[in-house]
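**Student:** Could you have a look at this structure, given as structure tokens, before my questions?
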Amino acid sequence: MFFVLSKVLWVAAAPTNVMVGLACVGAAAALAGRRWGRRLCFAAVAALLLCGALPVGRLLLRVLEDRFPQAALDGTAPPAGIVVLGGAIDQVIGAARSQVTLGQAAARLTEGAALARRFPQAELVYTGGSNALVRQIGGEAEDARRLWIDLGVDPARIRIEDQSRNTEENARMTRALVGPVAGQRWLLVTSAYHMPRSVGLFRAAGFDVVPVPVDYRSTGGWRDLLPSSDLAAGLVTLDGATREWIGLVAYRLSGRISTLFPSP
């Protein structure tokens, strides 16, 4: 039920959808002769333009991305395994074109392969099934396995968990799959903005991990303050950042993580 609600409610909560919806309501009211309709439509369109041009979404992401610094992996005990969270593969286009198709979070997969080469004794685990609400297109895990083998990873080292639909299930099902024991080090690879919620959920599942954030969307410097001429990209960034913050709040209120903003 939590999975279904998260999918359905997000359609109504996404900032871009809210602003476009208000603009449509205002336009309809204005056509019906309501004076407030023009004001609402103007305000919603102005909000769309400002949120697309100003670095609102980028700064919201930056707070998330800066929460967990890069882990120092040199000079430490080699990890028992490397867990890579799903979300980097476009299942729809990949299925239609019969090839592995990577999305914006492709660094999750490439970093997993790089770490596997760096730590040749470690298991490489991909966790992620289909997150489709209605039509099951097929999971990402087999595509990830295929790509890693093509990149030179020994198939015997690869393990997949292909039933999880969200990050909570990633954590719980991966722990059940690999059975981590005390004293082992497991690396967790996911997008930097997604790391706080991921670490919180893995901790709640009793799976202690070393964060390896990748796929940064902000620079961490003064350039993050600059406006953008790509309004569509700005709105996409805002939606992504808002979704992650809402996820943190929802998981905390539902008791799935122990703190609102997990820290190192």
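Ordering of the structure tokens sets the chain letters (A, B, ...); residue numbers start at 1 within each chain; ligands are numbered from 1 in the order shown.
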Mind running range 100-186 of chain A against range 197-205 of chain A at 7 Å and telling me each contacting residue's nearest atom pair with the distance in Å (one decimal), counting only C-alpha atoms, chain and number ascending, as CSV?

**Tutor:**
```
residue,atom,partner,partner_atom,distance
A:Thr167,CA,A:Ser198,CA,6.4
A:Glu168,CA,A:Leu201,CA,5.8
A:Ala171,CA,A:Phe202,CA,4.9
A:Arg172,CA,A:Ala205,CA,5.5
```

**Student:** Please identify all polymer residues within 8 Å of Leu85 in chain A, counting only C-alpha atoms, omitting same-chain residues fewer than 6 positions from it, and present them as a PyMOL selection string.

**Tutor:** chain A and resi 108+126-128+167+170+188-190

**Student:** Go through A:Ala30, A:Met195, A:Ile93, A:Leu115 one by one, measure the shortest atom-to-atom distance of each to Leu73 in chain A using only C-alpha atoms, and give the residue with the smallest value.

**Tutor:**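 Using only C-alpha atoms, the shortest distance to Leu73 in chain A belongs to A:Leu115.
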
**Student:** Apply DSSP to the structure's backbone, then extract all residues of range 30-168 of chain A labelled alpha helix (DSSP H) and return them as number ranges by chain.

**Tutor:** A: 30-31, 35-53, 56-65, 91-97, 107-118, 141-150, 167-168

**Student:** Near Leu22 in chain A, within 10 Å and counting only C-alpha atoms, which residues show up once chain neighbours fewer than 4 positions away are dropped, as number ranges by chain?

**Tutor:** A: 16-18, 26-28, 37, 40-45

**Student:** Which neighbours of Ala71 in chain A fall inside 10 Å, counting only C-alpha atoms, when residues of the same chain fewer than 4 positions from it are skipped, and could you give them as a PyMOL selection string?

**Tutor:** chain A and resi 187+210-213

**Student:** Just to be explicit: take each residue in the selection above, keep N, CA and C atoms, and write the result as a tab-separated table (two decimals), in the first residue's frame.

**Tutor:**
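selection15.tsv, freshly written:
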```tsv
chain	number	residue	atom	x	y	z
A	187	LEU	N	29.98	-1.78	0.72
A	187	LEU	CA	29.86	-0.46	0.13
A	187	LEU	C	28.48	-0.29	-0.48
A	210	VAL	N	28.91	1.33	3.97
A	210	VAL	CA	29.81	2.47	3.77
A	210	VAL	C	29.32	3.23	2.53
A	211	PRO	N	28.87	4.47	2.68
A	211	PRO	CA	28.31	5.21	1.54
A	211	PRO	C	29.36	5.57	0.50
A	212	VAL	N	29.02	5.31	-0.77
A	212	VAL	CA	29.86	5.74	-1.90
A	212	VAL	C	28.94	6.55	-2.82
A	213	PRO	N	28.80	7.85	-2.56
A	213	PRO	CA	27.89	8.67	-3.38
A	213	PRO	C	28.46	8.96	-4.76
```

**Student:** Excluding same-chain residues fewer than 4 positions from Ala144 in chain A, what lies within 8 Å of it counting only C-alpha atoms, as a PyMOL selection string?

**Tutor:** chain A and resi 89+100+109+126+140+148

**Student:** So which one's closest to Ala14 in chain A, A:Arg243, A:Leu248, A:Gly87, A:Gly255? Using only C-alpha atoms, please.

**Tutor:** A:Arg243
